[in-house]
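**Q** What follows is a single structure, and I will ask about it in a moment.
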Amino acid sequence: MVGNLLLLLFVAPAFVILLYRIVPPPVTPLMLIRLVEGYGISKDWVPLSQISPNLQRAVIASEDAKFCRHRGFDWDAVDNAIERLQQKHRRVLGASTISMQTSKNLFLWPGRTFLRKGGEAYLTVWLEALLPKKRILELYLNEIEWGPGIYGAEAAAQTYFGVSAARLSPYQAALLAAVLPNPLKWHPDKPGDWTRARAYTIEARMQSVALGKGTPCP
């Protein structure tokens, strides 16, 4: 019986991920956690074709420049993070890819424990094995937290700029990408000096991100 339970726990994520290949996730653990904390849930699923290429480029430029070239893990970034940790840098650069963040957003809770990171890595293997890059980015852009109770590109674009996700300008997209590390405290519609400077950097990097026809990867 224990063996069957372990087998079920091992393969269950694959079945859910295959389901999410076809249907939008109804809710995520983070949304439920924020709901208990007193935030609402504002989200509106849109296909990737209705999300501005500017925002697609912005999140790739800011969060995962090697998104189209890796299989879920950016090992150079991991090595760099470990090296900075060993050297006791006060600021350790993140090594989470878009695929890893999508796995976390869909199934796990916020936090930096080894248990959660291990679960994130395990789920990322399944995610990359079962979904194309286009669907991974589509899930990411529709489920990511963009403010208190605000999830996904459409809700964020409407809330902060009064436009649809399809009509985001390059700078608006860069501002949205700039606040992703701390969306509960940073505001894309009222950026401080640091957020504005980060957005300018992201906007410059966006020019080097090439998108394919109907897919984020050329």
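Chains: A, B, ... in order of the structure tokens. Residues: from 1 per chain. Ligands: from 1, in order shown.
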What are the nearest atom pairs, with distances in Å to one decimal, for all residues of stretch 1-75 of chain A that come at most 12 Å from stretch 145-158 of chain A, using only C-alpha atoms, set out by chain and rising residue number as JSON lines?
**A**
```
{"residue": "A:Pro24", "atom": "CA", "partner": "A:Gly152", "partner_atom": "CA", "distance": 11.7}
{"residue": "A:Pro25", "atom": "CA", "partner": "A:Gly152", "partner_atom": "CA", "distance": 11.7}
{"residue": "A:Pro26", "atom": "CA", "partner": "A:Tyr151", "partner_atom": "CA", "distance": 11.9}
{"residue": "A:Val27", "atom": "CA", "partner": "A:Tyr151", "partner_atom": "CA", "distance": 10.1}
{"residue": "A:Thr28", "atom": "CA", "partner": "A:Tyr151", "partner_atom": "CA", "distance": 10.1}
{"residue": "A:Pro29", "atom": "CA", "partner": "A:Glu145", "partner_atom": "CA", "distance": 11.6}
{"residue": "A:Leu30", "atom": "CA", "partner": "A:Glu145", "partner_atom": "CA", "distance": 8.4}
{"residue": "A:Met31", "atom": "CA", "partner": "A:Gly149", "partner_atom": "CA", "distance": 7.4}
{"residue": "A:Leu32", "atom": "CA", "partner": "A:Gly149", "partner_atom": "CA", "distance": 10.0}
{"residue": "A:Ile33", "atom": "CA", "partner": "A:Gly149", "partner_atom": "CA", "distance": 10.3}
{"residue": "A:Arg34", "atom": "CA", "partner": "A:Gly149", "partner_atom": "CA", "distance": 6.9}
{"residue": "A:Leu35", "atom": "CA", "partner": "A:Gly149", "partner_atom": "CA", "distance": 7.6}
{"residue": "A:Val36", "atom": "CA", "partner": "A:Gly149", "partner_atom": "CA", "distance": 11.0}
{"residue": "A:Glu37", "atom": "CA", "partner": "A:Gly149", "partner_atom": "CA", "distance": 10.0}
{"residue": "A:Gly38", "atom": "CA", "partner": "A:Gly149", "partner_atom": "CA", "distance": 8.8}
{"residue": "A:Tyr39", "atom": "CA", "partner": "A:Gly149", "partner_atom": "CA", "distance": 5.1}
{"residue": "A:Gly40", "atom": "CA", "partner": "A:Gly149", "partner_atom": "CA", "distance": 4.8}
{"residue": "A:Ile41", "atom": "CA", "partner": "A:Gly149", "partner_atom": "CA", "distance": 4.7}
{"residue": "A:Ser42", "atom": "CA", "partner": "A:Ile150", "partner_atom": "CA", "distance": 5.0}
{"residue": "A:Lys43", "atom": "CA", "partner": "A:Tyr151", "partner_atom": "CA", "distance": 5.1}
{"residue": "A:Asp44", "atom": "CA", "partner": "A:Glu154", "partner_atom": "CA", "distance": 6.0}
{"residue": "A:Trp45", "atom": "CA", "partner": "A:Glu154", "partner_atom": "CA", "distance": 7.2}
{"residue": "A:Val46", "atom": "CA", "partner": "A:Glu154", "partner_atom": "CA", "distance": 6.9}
{"residue": "A:Pro47", "atom": "CA", "partner": "A:Glu154", "partner_atom": "CA", "distance": 10.0}
{"residue": "A:Leu48", "atom": "CA", "partner": "A:Ala153", "partner_atom": "CA", "distance": 9.8}
{"residue": "A:Gln50", "atom": "CA", "partner": "A:Glu154", "partner_atom": "CA", "distance": 8.9}
{"residue": "A:Ile51", "atom": "CA", "partner": "A:Ala153", "partner_atom": "CA", "distance": 7.2}
{"residue": "A:Ser52", "atom": "CA", "partner": "A:Ala153", "partner_atom": "CA", "distance": 9.2}
{"residue": "A:Pro53", "atom": "CA", "partner": "A:Ala153", "partner_atom": "CA", "distance": 11.7}
{"residue": "A:Asn54", "atom": "CA", "partner": "A:Ala153", "partner_atom": "CA", "distance": 11.5}
{"residue": "A:Leu55", "atom": "CA", "partner": "A:Ala153", "partner_atom": "CA", "distance": 8.3}
{"residue": "A:Gln56", "atom": "CA", "partner": "A:Ala153", "partner_atom": "CA", "distance": 9.9}
{"residue": "A:Ala58", "atom": "CA", "partner": "A:Ala153", "partner_atom": "CA", "distance": 11.9}
{"residue": "A:Val59", "atom": "CA", "partner": "A:Ala153", "partner_atom": "CA", "distance": 10.9}
```
**Q** Please identify the strand (DSSP E) residues within stretch 28-169 of chain A (assignment by DSSP from backbone atoms) and present them as a ChimeraX atom specification.
**A** /A:42-43,145-147,150-151
**Q** Could the residues in this selection be written to a file with N, CA and C atoms, as a PDB file, in the first residue's frame?
**A**
```
ATOM      1  N   SER A  42      -7.802  38.471  -8.791  1.00  0.00           N
ATOM      2  CA  SER A  42      -8.146  39.093 -10.063  1.00  0.00           C
ATOM      3  C   SER A  42      -7.289  38.445 -11.139  1.00  0.00           C
ATOM      4  N   LYS A  43      -7.923  37.686 -12.019  1.00  0.00           N
ATOM      5  CA  LYS A  43      -7.193  37.014 -13.090  1.00  0.00           C
ATOM      6  C   LYS A  43      -8.119  36.808 -14.270  1.00  0.00           C
ATOM      7  N   GLU A 145       2.175  36.169 -10.100  1.00  0.00           N
ATOM      8  CA  GLU A 145       1.653  37.224  -9.220  1.00  0.00           C
ATOM      9  C   GLU A 145       2.238  38.570  -9.645  1.00  0.00           C
ATOM     10  N   TRP A 146       1.344  39.569  -9.860  1.00  0.00           N
ATOM     11  CA  TRP A 146       1.800  40.876 -10.305  1.00  0.00           C
ATOM     12  C   TRP A 146       1.358  41.994  -9.371  1.00  0.00           C
ATOM     13  N   GLY A 147       0.947  41.625  -8.190  1.00  0.00           N
ATOM     14  CA  GLY A 147       0.522  42.612  -7.221  1.00  0.00           C
ATOM     15  C   GLY A 147      -0.448  41.975  -6.250  1.00  0.00           C
ATOM     16  N   ILE A 150      -3.448  40.253  -7.781  1.00  0.00           N
ATOM     17  CA  ILE A 150      -3.417  40.431  -9.235  1.00  0.00           C
ATOM     18  C   ILE A 150      -2.561  39.329  -9.856  1.00  0.00           C
ATOM     19  N   TYR A 151      -3.148  38.542 -10.739  1.00  0.00           N
ATOM     20  CA  TYR A 151      -2.450  37.402 -11.326  1.00  0.00           C
ATOM     21  C   TYR A 151      -2.600  37.410 -12.844  1.00  0.00           C
TER      22      TYR A 151
END
```
**Q** Would you work out the distance separating atom CA of A:Ala165 from atom CA of A:Lys66, expressed in Å to one decimal?
**A**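 For atom CA of A:Ala165 relative to atom CA of A:Lys66, the distance reads 23.5 Å.
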**Q** Let's see if you can do this: from backbone DSSP, list all alpha helix (DSSP H) residues in stretch 23-162 of chain A, as a PyMOL selection string.
**A** chain A and resi 29-36+53-63+75-86+98-107+114-130+133-143+153-161
**Q** When distances are computed from only C-alpha atoms, which of A:Ala12, A:Met206, A:Ala129, A:Ala197 shows the smallest separation from A:Ser169?
**A** A:Met206
**Q** Excluding A:Leu18 and its own-chain neighbours fewer than 2 positions away, which residues fall within 12 Å of it when counting only C-alpha atoms? Please give them as a PDB file with C-alpha atoms, in the first residue's frame.
**A**
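The result, written out as around_16.pdb:
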```pdb
ATOM      1  CA  VAL A  11       3.310  10.217 -11.237  1.00  0.00           C
ATOM      2  CA  ALA A  12       0.407  12.453 -10.119  1.00  0.00           C
ATOM      3  CA  PRO A  13       2.156  15.684 -11.159  1.00  0.00           C
ATOM      4  CA  ALA A  14       2.508  14.318 -14.692  1.00  0.00           C
ATOM      5  CA  PHE A  15      -1.247  13.813 -15.025  1.00  0.00           C
ATOM      6  CA  VAL A  16      -1.988  17.326 -13.739  1.00  0.00           C
ATOM      7  CA  TYR A  20      -2.771  21.911 -17.868  1.00  0.00           C
ATOM      8  CA  ARG A  21      -1.483  21.382 -21.396  1.00  0.00           C
ATOM      9  CA  ILE A  22      -5.107  21.683 -22.488  1.00  0.00           C
ATOM     10  CA  VAL A  23      -7.027  23.637 -19.833  1.00  0.00           C
ATOM     11  CA  PRO A  24      -6.104  26.719 -17.781  1.00  0.00           C
ATOM     12  CA  PRO A  25      -5.362  26.072 -14.099  1.00  0.00           C
ATOM     13  CA  TRP A 126       8.036  16.881 -15.636  1.00  0.00           C
ATOM     14  CA  LEU A 127       7.032  20.309 -16.949  1.00  0.00           C
ATOM     15  CA  GLU A 128       9.822  20.448 -19.519  1.00  0.00           C
ATOM     16  CA  ALA A 129       9.271  16.831 -20.543  1.00  0.00           C
ATOM     17  CA  LEU A 130       5.521  17.190 -21.129  1.00  0.00           C
ATOM     18  CA  LEU A 131       4.938  20.761 -22.298  1.00  0.00           C
ATOM     19  CA  PRO A 132       6.305  22.825 -25.181  1.00  0.00           C
ATOM     20  CA  ARG A 135       2.694  26.486 -23.219  1.00  0.00           C
ATOM     21  CA  ILE A 136       5.168  26.960 -20.365  1.00  0.00           C
TER      22      ILE A 136
END
```
**Q** Which residue, A:Leu108, A:Cys68, A:Ala61, A:Pro191, has the smallest gap to A:Gln207 when you use only C-alpha atoms?
**A**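 Among the listed residues, the smallest separation from A:Gln207 belongs to A:Ala61.
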**Q** Between atom CA of A:Lys134 and atom CA of A:Thr215, measure the distance and give it in Å to one decimal.
**A** 5.3 Å
**Q** Env of A:Thr201: 10 Å cut, atoms = only C-alpha atoms, seq-sep filter 5 positions within chain, self excluded. Answer as an MDAnalysis selection string.
**A** chainID A and resid 61:62 174 178 195:196 206
